[in-house]
>>> print(open('structure-v2.tsv').read())   # TSV, C-alpha atoms
chain	number	residue	atom	x	y	z
A	1	MET	CA	-0.15	-4.33	10.98
A	2	ARG	CA	2.97	-6.20	9.98
A	3	ASN	CA	5.07	-4.92	7.14
A	4	PHE	CA	3.59	-5.51	3.67
A	5	SER	CA	6.35	-7.98	2.77
A	6	LEU	CA	5.33	-8.39	-0.86
A	7	GLU	CA	5.41	-4.69	-1.68
A	8	THR	CA	8.60	-4.11	0.31
A	9	PHE	CA	10.25	-6.90	-1.67
A	10	PHE	CA	9.11	-5.39	-4.95
A	11	SER	CA	10.29	-1.96	-3.87
A	12	ASP	CA	13.76	-3.46	-3.65
A	13	TRP	CA	13.70	-5.64	-6.77
A	14	GLU	CA	10.86	-5.01	-9.22
A	15	PHE	CA	12.58	-2.31	-11.24
A	16	LYS	CA	16.13	-3.55	-10.68
A	17	ALA	CA	15.87	-7.18	-11.78
A	18	ARG	CA	16.83	-7.84	-15.38
A	19	TYR	CA	14.27	-10.63	-15.76
A	20	HIS	CA	11.09	-10.06	-13.77
A	21	MET	CA	9.67	-13.59	-13.73
A	22	THR	CA	7.30	-13.25	-10.79
A	23	ALA	CA	5.10	-10.43	-12.06
A	24	SER	CA	1.43	-10.87	-11.13
A	25	ASP	CA	0.08	-8.78	-14.00
A	26	ILE	CA	-0.21	-9.44	-17.72
A	27	GLN	CA	1.75	-7.63	-20.41
A	28	SER	CA	0.66	-4.01	-20.53
A	29	MET	CA	0.24	-1.73	-23.53
A	30	THR	CA	1.03	1.87	-24.35
A	31	ILE	CA	-1.51	4.68	-24.30
A	32	ASN	CA	-1.21	4.85	-28.09
A	33	GLU	CA	-2.05	1.15	-28.39
A	34	LEU	CA	-5.05	1.52	-26.11
A	35	LEU	CA	-6.32	4.62	-27.87
A	36	ALA	CA	-6.08	2.77	-31.18
A	37	MET	CA	-8.87	0.52	-29.87
A	38	ALA	CA	-11.14	3.49	-29.15
A	39	SER	CA	-13.76	5.07	-31.31
A	40	GLU	CA	-13.01	8.53	-32.69
A	41	GLU	CA	-15.55	9.98	-30.29
A	42	ASP	CA	-13.95	8.31	-27.27
A	43	ARG	CA	-10.50	9.52	-28.31
A	44	GLU	CA	-11.76	13.09	-28.58
A	45	MET	CA	-13.43	12.80	-25.17
A	46	PHE	CA	-10.10	11.71	-23.71
A	47	TYR	CA	-8.13	14.53	-25.35
A	48	ASP	CA	-10.67	17.15	-24.23
A	49	LEU	CA	-11.01	15.79	-20.69
A	50	PRO	CA	-10.74	18.48	-17.99
A	51	LEU	CA	-8.18	17.64	-15.31
A	52	SER	CA	-10.59	18.25	-12.46
A	53	TYR	CA	-11.92	16.24	-9.55
A	54	THR	CA	-14.14	13.28	-10.40
A	55	GLU	CA	-17.06	11.63	-8.62
A	56	THR	CA	-16.08	9.59	-5.55
A	57	PHE	CA	-18.11	6.61	-6.73
A	58	GLY	CA	-16.44	6.83	-10.15
A	59	HIS	CA	-17.39	8.34	-13.48
A	60	PRO	CA	-20.98	7.27	-14.35
A	61	MET	CA	-19.88	5.97	-17.75
A	62	LEU	CA	-17.07	3.99	-16.13
A	63	ARG	CA	-19.48	2.43	-13.66
A	64	GLN	CA	-21.80	1.58	-16.51
A	65	GLU	CA	-19.04	-0.18	-18.44
A	66	ILE	CA	-18.03	-2.06	-15.29
A	67	ALA	CA	-21.64	-3.04	-14.62
A	68	ASN	CA	-21.81	-4.39	-18.19
A	69	THR	CA	-19.25	-7.04	-17.21
A	70	TYR	CA	-21.71	-8.49	-14.66
A	71	ASN	CA	-25.09	-10.16	-15.09
A	72	GLY	CA	-27.90	-7.95	-13.86
A	73	LEU	CA	-25.90	-5.38	-11.87
A	74	THR	CA	-26.26	-1.65	-12.48
A	75	PRO	CA	-23.89	1.32	-12.06
A	76	GLU	CA	-25.44	1.87	-8.61
A	77	ASP	CA	-23.92	-1.48	-7.56
A	78	ILE	CA	-20.36	-0.33	-8.36
A	79	LEU	CA	-17.87	1.69	-6.27
A	80	CYS	CA	-14.52	2.55	-7.87
A	81	PHE	CA	-11.17	2.80	-6.08
A	82	ALA	CA	-7.58	3.78	-6.74
A	83	GLY	CA	-6.55	0.22	-7.53
A	84	ALA	CA	-7.72	-2.99	-5.88
A	85	GLU	CA	-5.73	-2.56	-2.67
A	86	GLU	CA	-7.71	0.51	-1.63
A	87	GLY	CA	-10.86	-1.54	-2.15
A	88	VAL	CA	-9.55	-4.33	0.08
A	89	TYR	CA	-8.57	-1.83	2.76
A	90	VAL	CA	-11.86	0.05	2.76
A	91	ALA	CA	-14.01	-3.09	2.71
A	92	MET	CA	-12.24	-4.63	5.70
A	93	ARG	CA	-12.34	-1.38	7.70
A	94	VAL	CA	-16.03	-0.85	7.04
A	95	LEU	CA	-17.23	-4.45	7.43
A	96	LEU	CA	-15.28	-5.70	10.42
A	97	GLU	CA	-15.31	-4.74	14.10
A	98	PRO	CA	-13.25	-6.12	17.02
A	99	ARG	CA	-16.10	-8.41	18.15
A	100	ASP	CA	-16.28	-10.09	14.72
A	101	HIS	CA	-14.59	-13.16	13.26
A	102	ALA	CA	-13.33	-13.62	9.69
A	103	ILE	CA	-12.24	-16.63	7.65
A	104	VAL	CA	-9.51	-16.30	5.01
A	105	VAL	CA	-8.31	-18.83	2.44
A	106	VAL	CA	-4.52	-19.44	2.57
A	107	PRO	CA	-2.25	-18.86	0.64
A	108	ASN	CA	-3.46	-15.47	-0.42
A	109	TYR	CA	-2.58	-11.90	-1.27
A	110	GLN	CA	-1.12	-10.66	2.02
A	111	ALA	CA	-3.62	-7.85	2.61
A	112	ALA	CA	-6.44	-10.41	2.64
A	113	GLU	CA	-5.29	-11.59	6.06
A	114	THR	CA	-3.21	-8.69	7.40
A	115	LEU	CA	-6.08	-6.20	7.34
A	116	PRO	CA	-8.67	-8.41	9.08
A	117	LEU	CA	-6.06	-9.47	11.64
A	118	ASP	CA	-5.59	-5.83	12.61
A	119	ILE	CA	-9.30	-5.67	13.46
A	120	CYS	CA	-10.62	-8.99	14.76
A	121	GLU	CA	-10.01	-12.73	15.15
A	122	VAL	CA	-9.24	-14.53	11.90
A	123	THR	CA	-9.12	-18.21	10.97
A	124	GLY	CA	-7.15	-19.49	8.00
A	125	VAL	CA	-8.42	-22.39	5.87
A	126	PRO	CA	-5.75	-23.92	3.59
A	127	LEU	CA	-5.85	-24.87	-0.05
A	128	ASP	CA	-4.63	-28.45	-0.56
A	129	PRO	CA	-1.48	-28.64	-2.76
A	130	ASP	CA	-1.93	-32.41	-3.10
A	131	ASP	CA	-5.37	-31.98	-4.69
A	132	ASN	CA	-4.72	-29.18	-7.21
A	133	TRP	CA	-5.07	-26.59	-4.45
A	134	SER	CA	-8.69	-27.53	-3.69
A	135	LEU	CA	-10.60	-26.00	-0.78
A	136	ASP	CA	-11.91	-28.35	1.91
A	137	MET	CA	-15.50	-27.19	2.30
A	138	ASP	CA	-15.99	-29.26	5.48
A	139	ALA	CA	-13.02	-27.50	7.07
A	140	LEU	CA	-14.42	-24.17	5.97
A	141	GLU	CA	-17.81	-24.93	7.48
A	142	LYS	CA	-16.23	-26.07	10.74
A	143	ALA	CA	-14.36	-22.75	10.96
A	144	ILE	CA	-17.62	-20.78	11.03
A	145	ARG	CA	-18.49	-19.31	14.44
A	146	PRO	CA	-21.62	-17.53	15.66
A	147	ASN	CA	-19.81	-14.21	15.22
A	148	THR	CA	-18.29	-14.95	11.78
A	149	LYS	CA	-18.91	-11.82	9.73
A	150	LEU	CA	-16.83	-12.43	6.62
A	151	ILE	CA	-15.30	-15.13	4.44
A	152	SER	CA	-12.53	-13.98	2.09
A	153	ILE	CA	-11.63	-15.92	-1.06
A	154	ASN	CA	-9.44	-15.33	-4.12
A	155	PHE	CA	-10.04	-17.36	-7.32
A	156	PRO	CA	-8.21	-17.67	-9.65
A	157	ASN	CA	-5.88	-17.70	-6.68
A	158	ASN	CA	-2.70	-15.72	-6.16
A	159	PRO	CA	-0.17	-17.40	-5.94
A	160	THR	CA	-1.40	-20.87	-6.94
A	161	GLY	CA	-3.61	-20.08	-9.93
A	162	ALA	CA	-6.24	-22.47	-8.56
A	163	ILE	CA	-9.93	-22.07	-9.33
A	164	LEU	CA	-12.58	-23.29	-6.92
A	165	LYS	CA	-14.73	-26.12	-8.26
A	166	ARG	CA	-18.19	-24.89	-9.26
A	167	SER	CA	-19.84	-27.30	-6.83
A	168	SER	CA	-17.68	-25.93	-4.01
A	169	PHE	CA	-18.47	-22.36	-5.05
A	170	ASP	CA	-22.20	-23.09	-4.94
A	171	CYS	CA	-21.78	-24.72	-1.53
A	172	LEU	CA	-19.88	-21.67	-0.31
A	173	ILE	CA	-22.70	-19.35	-1.39
A	174	GLU	CA	-25.21	-21.57	0.43
A	175	LEU	CA	-23.08	-21.54	3.59
A	176	CYS	CA	-22.73	-17.76	3.55
A	177	ARG	CA	-26.46	-17.28	3.00
A	178	ALA	CA	-27.41	-19.79	5.70
A	179	HIS	CA	-25.14	-18.10	8.27
A	180	ASP	CA	-25.75	-14.52	7.03
A	181	ILE	CA	-22.04	-14.02	6.27
A	182	TYR	CA	-20.51	-11.52	3.88
A	183	LEU	CA	-18.40	-13.03	1.11
A	184	PHE	CA	-15.41	-11.00	-0.10
A	185	SER	CA	-14.39	-12.43	-3.48
A	186	ASP	CA	-11.13	-11.27	-5.07
A	187	GLU	CA	-11.78	-11.84	-8.78
A	188	VAL	CA	-8.92	-9.86	-10.34
A	189	TYR	CA	-7.85	-12.77	-12.59
A	190	ARG	CA	-11.34	-13.67	-13.79
A	191	GLY	CA	-11.36	-13.79	-17.59
A	192	VAL	CA	-7.96	-15.39	-18.12
A	193	GLU	CA	-8.72	-18.98	-17.22
A	194	ARG	CA	-6.84	-21.68	-19.14
A	195	ASP	CA	-10.20	-23.41	-19.76
A	196	GLU	CA	-13.14	-21.03	-19.93
A	197	SER	CA	-15.47	-23.76	-18.64
A	198	LEU	CA	-13.75	-23.36	-15.25
A	199	ARG	CA	-14.79	-19.71	-14.97
A	200	LEU	CA	-16.84	-19.02	-11.85
A	201	PRO	CA	-19.76	-16.60	-11.69
A	202	HIS	CA	-19.13	-13.21	-10.16
A	203	ALA	CA	-19.98	-13.64	-6.49
A	204	ALA	CA	-21.86	-10.32	-6.52
A	205	ASP	CA	-24.11	-11.64	-9.28
A	206	VAL	CA	-25.33	-14.63	-7.31
A	207	TYR	CA	-25.24	-13.54	-3.65
A	208	GLU	CA	-26.78	-10.45	-2.12
A	209	LYS	CA	-24.06	-10.10	0.55
A	210	ALA	CA	-21.07	-10.69	-1.73
A	211	LEU	CA	-18.42	-8.14	-2.62
A	212	SER	CA	-16.69	-8.82	-5.94
A	213	LEU	CA	-13.29	-7.13	-6.23
A	214	ASN	CA	-11.77	-6.42	-9.63
A	215	VAL	CA	-9.22	-4.08	-11.17
A	216	MET	CA	-7.73	-3.00	-14.50
A	217	SER	CA	-4.30	-4.27	-13.36
A	218	LYS	CA	-4.36	-8.05	-13.67
A	219	ALA	CA	-6.53	-9.71	-16.33
A	220	TYR	CA	-6.64	-6.49	-18.37
A	221	GLY	CA	-2.90	-5.85	-18.01
A	222	LEU	CA	-3.29	-2.12	-17.25
A	223	PRO	CA	-1.90	-1.62	-13.71
A	224	GLY	CA	-0.72	1.91	-14.45
A	225	LEU	CA	-4.31	3.11	-14.65
A	226	ARG	CA	-4.81	2.42	-10.91
A	227	ILE	CA	-8.54	1.79	-11.33
A	228	GLY	CA	-10.22	-0.91	-9.27
A	229	TRP	CA	-13.76	-1.48	-8.03
A	230	ILE	CA	-16.08	-3.44	-5.79
A	231	ALA	CA	-19.41	-4.70	-7.09
A	232	CYS	CA	-22.07	-5.36	-4.46
A	233	GLN	CA	-25.86	-5.50	-4.29
A	234	ASP	CA	-25.80	-3.97	-0.79
A	235	ARG	CA	-25.95	-0.29	-1.73
A	236	ASP	CA	-25.99	0.88	1.89
A	237	LEU	CA	-22.65	-0.85	2.37
A	238	LEU	CA	-21.28	0.77	-0.78
A	239	LYS	CA	-22.32	4.17	0.59
A	240	GLN	CA	-20.46	3.47	3.84
A	241	MET	CA	-17.37	2.52	1.86
A	242	GLU	CA	-17.69	5.66	-0.23
A	243	CYS	CA	-17.64	7.72	2.97
A	244	TYR	CA	-14.48	5.93	4.08
A	245	LYS	CA	-12.89	6.60	0.69
A	246	HIS	CA	-13.24	10.34	1.42
A	247	TYR	CA	-10.31	9.92	3.83
A	248	LEU	CA	-8.16	8.11	1.26
A	249	SER	CA	-8.01	8.81	-2.47
A	250	ILE	CA	-11.30	10.82	-2.40
A	251	CYS	CA	-11.69	10.23	-6.13
A	252	ASN	CA	-9.90	8.56	-9.00
A	253	SER	CA	-7.75	10.03	-11.76
A	254	GLY	CA	-9.96	11.41	-14.54
A	255	PRO	CA	-7.63	10.36	-17.40
A	256	SER	CA	-7.33	6.88	-15.89
A	257	GLU	CA	-11.09	6.59	-15.66
A	258	TRP	CA	-11.57	7.45	-19.31
A	259	LEU	CA	-8.78	5.15	-20.47
A	260	SER	CA	-10.46	2.40	-18.42
A	261	ILE	CA	-13.75	3.12	-20.19
A	262	ILE	CA	-11.98	2.64	-23.52
A	263	ALA	CA	-10.36	-0.59	-22.33
A	264	LEU	CA	-13.61	-2.02	-20.97
A	265	ARG	CA	-15.36	-1.26	-24.26
A	266	ALA	CA	-12.60	-3.28	-25.95
A	267	ARG	CA	-12.52	-5.90	-23.20
A	268	GLU	CA	-13.28	-8.93	-25.39
A	269	GLN	CA	-10.33	-8.12	-27.64
A	270	ILE	CA	-8.00	-7.41	-24.70
A	271	LEU	CA	-8.98	-10.49	-22.71
A	272	ALA	CA	-8.74	-12.76	-25.76
A	273	THR	CA	-5.22	-11.49	-26.44
A	274	ASN	CA	-4.22	-11.94	-22.80
A	275	ARG	CA	-5.70	-15.44	-22.56
A	276	LYS	CA	-3.71	-16.47	-25.63
A	277	LEU	CA	-0.50	-15.06	-24.16
A	278	VAL	CA	-0.81	-16.73	-20.75
A	279	LYS	CA	-1.77	-20.07	-22.30
A	280	GLU	CA	1.29	-19.99	-24.55
A	281	ASN	CA	3.53	-18.95	-21.66
A	282	ALA	CA	2.10	-21.62	-19.34
A	283	ASN	CA	3.00	-24.21	-21.97
A	284	LYS	CA	6.53	-22.80	-22.18
A	285	LEU	CA	6.88	-23.03	-18.41
A	286	THR	CA	5.67	-26.62	-18.46
A	287	GLU	CA	8.29	-27.53	-21.07
A	288	PHE	CA	10.93	-25.71	-19.00
A	289	PHE	CA	10.13	-27.43	-15.71
A	290	ASP	CA	9.91	-30.80	-17.48
A	291	GLU	CA	13.61	-30.39	-18.33
A	292	PHE	CA	14.42	-30.39	-14.60
A	293	PRO	CA	12.13	-32.98	-12.96
A	294	ASP	CA	14.58	-33.50	-10.09
A	295	LEU	CA	14.48	-29.81	-9.21
A	296	PHE	CA	10.85	-28.76	-9.62
A	297	ASP	CA	7.31	-29.95	-9.15
A	298	TRP	CA	5.02	-27.89	-11.39
A	299	GLN	CA	1.23	-27.87	-11.55
A	300	VAL	CA	-0.22	-25.90	-14.46
A	301	PRO	CA	-2.46	-23.23	-12.90
A	302	ASP	CA	-6.17	-23.17	-13.74
A	303	GLY	CA	-6.18	-19.42	-14.30
A	304	GLY	CA	-4.39	-16.14	-13.84
A	305	CYS	CA	-0.75	-15.56	-14.73
A	306	VAL	CA	1.08	-16.84	-11.65
A	307	GLY	CA	1.94	-20.32	-10.41
A	308	PHE	CA	3.40	-21.82	-7.23
A	309	PRO	CA	5.88	-24.59	-8.12
A	310	ALA	CA	7.88	-26.54	-5.56
A	311	TYR	CA	11.69	-26.47	-5.49
A	312	LYS	CA	13.23	-29.88	-4.73
A	313	GLY	CA	16.93	-29.04	-5.03
A	314	GLN	CA	19.61	-28.59	-2.42
A	315	GLY	CA	19.32	-25.86	0.18
A	316	THR	CA	16.26	-23.82	1.03
A	317	THR	CA	13.95	-22.32	-1.56
A	318	ASP	CA	14.63	-18.87	-0.11
A	319	ASP	CA	18.38	-19.37	-0.66
A	320	PHE	CA	17.74	-20.69	-4.17
A	321	CYS	CA	15.70	-17.61	-5.14
A	322	GLU	CA	18.29	-15.26	-3.63
A	323	ASP	CA	21.18	-16.95	-5.42
A	324	LEU	CA	19.24	-16.92	-8.69
A	325	ILE	CA	18.59	-13.17	-8.64
A	326	ASN	CA	22.13	-12.33	-7.55
A	327	LYS	CA	23.86	-14.52	-10.15
A	328	SER	CA	21.51	-14.29	-13.12
A	329	GLY	CA	19.15	-11.36	-12.60
A	330	VAL	CA	16.08	-13.66	-12.70
A	331	LEU	CA	13.53	-12.60	-10.10
A	332	LEU	CA	11.22	-15.13	-8.43
A	333	LEU	CA	9.14	-14.61	-5.29
A	334	PRO	CA	10.60	-16.67	-2.41
A	335	PRO	CA	8.39	-18.42	0.16
A	336	ARG	CA	9.39	-16.07	2.99
A	337	ILE	CA	7.29	-13.42	1.24
A	338	TYR	CA	4.24	-15.66	1.65
A	339	LYS	CA	4.60	-15.82	5.42
A	340	SER	CA	1.16	-16.24	6.94
A	341	ASP	CA	0.11	-15.39	10.48
A	342	LEU	CA	-2.77	-17.85	10.13
A	343	LEU	CA	-1.18	-21.10	8.91
A	344	PRO	CA	2.30	-22.55	8.39
A	345	VAL	CA	4.17	-21.39	5.30
A	346	ILE	CA	4.86	-23.86	2.48
A	347	TRP	CA	8.60	-23.32	2.58
A	348	ASN	CA	9.55	-25.17	-0.61
A	349	ARG	CA	7.41	-23.15	-3.04
A	350	PHE	CA	8.06	-19.93	-4.97
A	351	ARG	CA	5.83	-17.78	-7.17
A	352	VAL	CA	6.55	-17.56	-10.88
A	353	GLY	CA	4.75	-15.22	-13.27
A	354	PHE	CA	4.00	-15.91	-16.92
A	355	GLY	CA	2.05	-12.94	-18.17
A	356	ARG	CA	4.85	-11.08	-19.94
A	357	LYS	CA	5.92	-11.28	-23.59
A	358	ASN	CA	9.64	-11.64	-22.86
A	359	ILE	CA	9.37	-14.97	-21.04
A	360	ASP	CA	11.68	-16.73	-23.52
A	361	GLU	CA	14.57	-14.44	-22.63
A	362	GLY	CA	14.09	-15.01	-18.93
A	363	LEU	CA	13.76	-18.78	-19.31
A	364	ALA	CA	16.97	-18.93	-21.34
A	365	VAL	CA	18.89	-17.20	-18.56
A	366	PHE	CA	17.14	-19.31	-15.91
A	367	ARG	CA	18.08	-22.49	-17.82
A	368	ALA	CA	21.71	-21.43	-18.11
A	369	TYR	CA	21.85	-20.76	-14.36
A	370	LEU	CA	20.44	-24.21	-13.52
A	371	LYS	CA	22.84	-25.99	-15.86
A	372	SER	CA	25.85	-24.21	-14.43
A	373	ASN	CA	24.85	-24.52	-10.77
A	374	THR	CA	23.45	-28.07	-10.52
>>> encode(input="structure-v2.tsv", output="structure tokens")
Amino acid sequence: MRNFSLETFFSDWEFKARYHMTASDIQSMTINELLAMASEEDREMFYDLPLSYTETFGHPMLRQEIANTYNGLTPEDILCFAGAEEGVYVAMRVLLEPRDHAIVVVPNYQAAETLPLDICEVTGVPLDPDDNWSLDMDALEKAIRPNTKLISINFPNNPTGAILKRSSFDCLIELCRAHDIYLFSDEVYRGVERDESLRLPHAADVYEKALSLNVMSKAYGLPGLRIGWIACQDRDLLKQMECYKHYLSICNSGPSEWLSIIALRAREQILATNRKLVKENANKLTEFFDEFPDLFDWQVPDGGCVGFPAYKGQGTTDDFCEDLINKSGVLLLPPRIYKSDLLPVIWNRFRVGFGRKNIDEGLAVFRAYLKSNT
């Protein structure tokens, strides 16, 4: 597999940059803040928790709380992982074989294409930037082959923030069912849509061969817990993935599991707070980019906490992002990080994040840089 460019980039910059304005997670909280949301009984359970091994599938109470976020699924339909990335890795390794074919929506989170490409043939289907990053369902259908085993989607999308139209989502489910194709649905930003009417159903709720990926990191803003999961009605497949997990994390962190239980029990409060924050920050970004119409083309994302604006200034967007971090300490994600082996890169776009509370400070420095360098 090629180098994981995104994580390598963040290894160099994430904890060095003064203004991290490309973060893909929402503002986190302290353990004290999270425990303040818990019942007295849950706090005592956390304090008295033995630091022993946990169940590979995940704590039964954690799986129950996760199942409660779906419609009709049970704890037996849930397999927990050490973050979402382990879930992506295990699912691709278990589902795909060299004789198979996979279809991946582009742009995407790099692992969505890198992992399948290490196993079998993969076709990329692009989102259309000229139509609010819509997905061409005819193009998707034409990409299906007799040996297509998997279609991989990510909505709300990283990096564009796009959400698939409900009619397109329903069509996708029909296509997968008609061709007996697994659907891998990355849903880590579900719950923080700008308009809740745009929210899609969990794929695992409506399709028997769908895998819904989620995690405490993104919409919940708790990446330090390193708790992710896959929901799926195919319990035999979940068992195969559990066996693969035995060679990786084996089990999750017990304290992280219990803190996740507390967070999921307070999920309505947490998600409401996070939706309010990202909506306010998206408005601030819109006002900011409106100040510089000759330099940027900005589409307000449908959901999530990242967007993919175009840079229209002099020089390349990669050079612009590099100069910005070196001169001002403002970190954006340049287009070279979104290199795809499936489709051409959109070289004039960068990823910006708006899930953090300190966005005003970063925007002030960003504004000063633009005014002094343009």
>>> atom_distance(input="structure-v2.tsv", atom1="atom CA of Ile325 of chain A", atom2="atom CA of Ala17 of chain A")
7.3 Å
>>> atom_distance(input="structure-v2.tsv", atom1="atom CA of Glu193 of chain A", atom2="atom CA of Pro301 of chain A")
8.7 Å
>>> residues_near_point(input="structure-v2.tsv", point="(-11.7, 4.5, 4.9)", cutoff="10 Å", atoms="all atoms listed in the file", output="PyMOL selection string")
chain A and resi 86-87+89-94+240-250
>>> atom_distance(input="structure-v2.tsv", atom1="atom CA of Asp234 of chain A", atom2="atom CA of Gly72 of chain A")
13.8 Å
>>> residues_around(input="structure-v2.tsv", residues="Leu285 of chain A", least_positions_apart="3", cutoff="10 Å", atoms="all atoms listed in the file", output="compact mmCIF listing (two decimals) with C-alpha atoms, in the coordinates of the input")
# COMPACT_ATOMS: atom_id res chain seq x y z
CA LYS A 279 -1.77 -20.07 -22.30
CA GLU A 280 1.29 -19.99 -24.55
CA ASN A 281 3.53 -18.95 -21.66
CA ALA A 282 2.10 -21.62 -19.34
CA PHE A 288 10.93 -25.71 -19.00
CA PHE A 289 10.13 -27.43 -15.71
CA ASP A 290 9.91 -30.80 -17.48
CA GLU A 291 13.61 -30.39 -18.33
CA TRP A 298 5.02 -27.89 -11.39
CA VAL A 300 -0.22 -25.90 -14.46
CA GLY A 307 1.94 -20.32 -10.41
CA VAL A 352 6.55 -17.56 -10.88
CA GLY A 353 4.75 -15.22 -13.27
CA PHE A 354 4.00 -15.91 -16.92
CA ILE A 359 9.37 -14.97 -21.04
CA ASP A 360 11.68 -16.73 -23.52
CA LEU A 363 13.76 -18.78 -19.31
>>> residues_around(input="structure-v2.tsv", residues="Glu187 of chain A", least_positions_apart="5", cutoff="6 Å", atoms="only C-alpha atoms", output="VMD selection string")
chain A and resid 155 213 to 214
>>> write_last_selection(input="structure-v2.tsv", atoms="C-alpha atoms", output="CSV table (one decimal), in the coordinates of the input")
chain,number,residue,atom,x,y,z
A,155,PHE,CA,-10.0,-17.4,-7.3
A,213,LEU,CA,-13.3,-7.1,-6.2
A,214,ASN,CA,-11.8,-6.4,-9.6
>>> closest_residue(input="structure-v2.tsv", among="A:Val192, A:Leu96, A:Leu222, A:Leu332", to="Asp302 of chain A", atoms="only C-alpha atoms")
A:Val192
>>> residues_around(input="structure-v2.tsv", residues="Gly224 of chain A", least_positions_apart="3", cutoff="10 Å", atoms="only C-alpha atoms", output="ChimeraX atom specification")
/A:28-29,83,216-217,221,227,256
>>> write_last_selection(input="structure-v2.tsv", atoms="C-alpha atoms", output="short mmCIF file (atom, residue, chain, number, x, y, z; two decimals), keeping the file's coordinate frame")
data_model
loop_
_atom_site.label_atom_id
_atom_site.label_comp_id
_atom_site.auth_asym_id
_atom_site.auth_seq_id
_atom_site.Cartn_x
_atom_site.Cartn_y
_atom_site.Cartn_z
CA SER A 28 0.66 -4.01 -20.53
CA MET A 29 0.24 -1.73 -23.53
CA GLY A 83 -6.55 0.22 -7.53
CA MET A 216 -7.73 -3.00 -14.50
CA SER A 217 -4.30 -4.27 -13.36
CA GLY A 221 -2.90 -5.85 -18.01
CA ILE A 227 -8.54 1.79 -11.33
CA SER A 256 -7.33 6.88 -15.89
#
>>> decode(input="structure-v2.tsv", residues="segment 48-59 of chain A", atoms="N, CA and C atoms", output="mmCIF file, in the first residue's frame")
data_model
loop_
_atom_site.group_PDB
_atom_site.id
_atom_site.type_symbol
_atom_site.label_atom_id
_atom_site.label_comp_id
_atom_site.auth_asym_id
_atom_site.auth_seq_id
_atom_site.Cartn_x
_atom_site.Cartn_y
_atom_site.Cartn_z
ATOM 1 N N ASP A 48 -14.762 2.287 39.481
ATOM 2 C CA ASP A 48 -14.494 0.942 39.999
ATOM 3 C C ASP A 48 -14.161 -0.060 38.905
ATOM 4 N N LEU A 49 -13.970 0.426 37.681
ATOM 5 C CA LEU A 49 -13.752 -0.474 36.545
ATOM 6 C C LEU A 49 -12.414 -1.193 36.665
ATOM 7 N N PRO A 50 -12.394 -2.521 36.565
ATOM 8 C CA PRO A 50 -11.121 -3.238 36.564
ATOM 9 C C PRO A 50 -10.385 -3.026 35.237
ATOM 10 N N LEU A 51 -9.095 -2.850 35.296
ATOM 11 C CA LEU A 51 -8.300 -2.621 34.088
ATOM 12 C C LEU A 51 -7.856 -3.963 33.508
ATOM 13 N N SER A 52 -8.835 -4.713 33.061
ATOM 14 C CA SER A 52 -8.595 -6.049 32.524
ATOM 15 C C SER A 52 -8.948 -6.076 31.047
ATOM 16 N N TYR A 53 -8.758 -7.244 30.419
ATOM 17 C CA TYR A 53 -9.194 -7.405 29.043
ATOM 18 C C TYR A 53 -10.710 -7.252 28.953
ATOM 19 N N THR A 54 -11.181 -6.858 27.773
ATOM 20 C CA THR A 54 -12.613 -6.743 27.530
ATOM 21 C C THR A 54 -13.011 -7.681 26.397
ATOM 22 N N GLU A 55 -14.305 -7.805 26.158
ATOM 23 C CA GLU A 55 -14.797 -8.688 25.106
ATOM 24 C C GLU A 55 -14.392 -8.161 23.726
ATOM 25 N N THR A 56 -13.999 -9.048 22.826
ATOM 26 C CA THR A 56 -13.556 -8.639 21.500
ATOM 27 C C THR A 56 -14.651 -7.894 20.748
ATOM 28 N N PHE A 57 -15.882 -8.344 20.870
ATOM 29 C CA PHE A 57 -16.990 -7.676 20.195
ATOM 30 C C PHE A 57 -17.281 -6.309 20.805
ATOM 31 N N GLY A 58 -16.842 -6.082 22.045
ATOM 32 C CA GLY A 58 -17.158 -4.853 22.756
ATOM 33 C C GLY A 58 -18.014 -5.146 23.963
ATOM 34 N N HIS A 59 -17.933 -4.284 24.957
ATOM 35 C CA HIS A 59 -18.727 -4.454 26.179
ATOM 36 C C HIS A 59 -20.208 -4.568 25.802
#
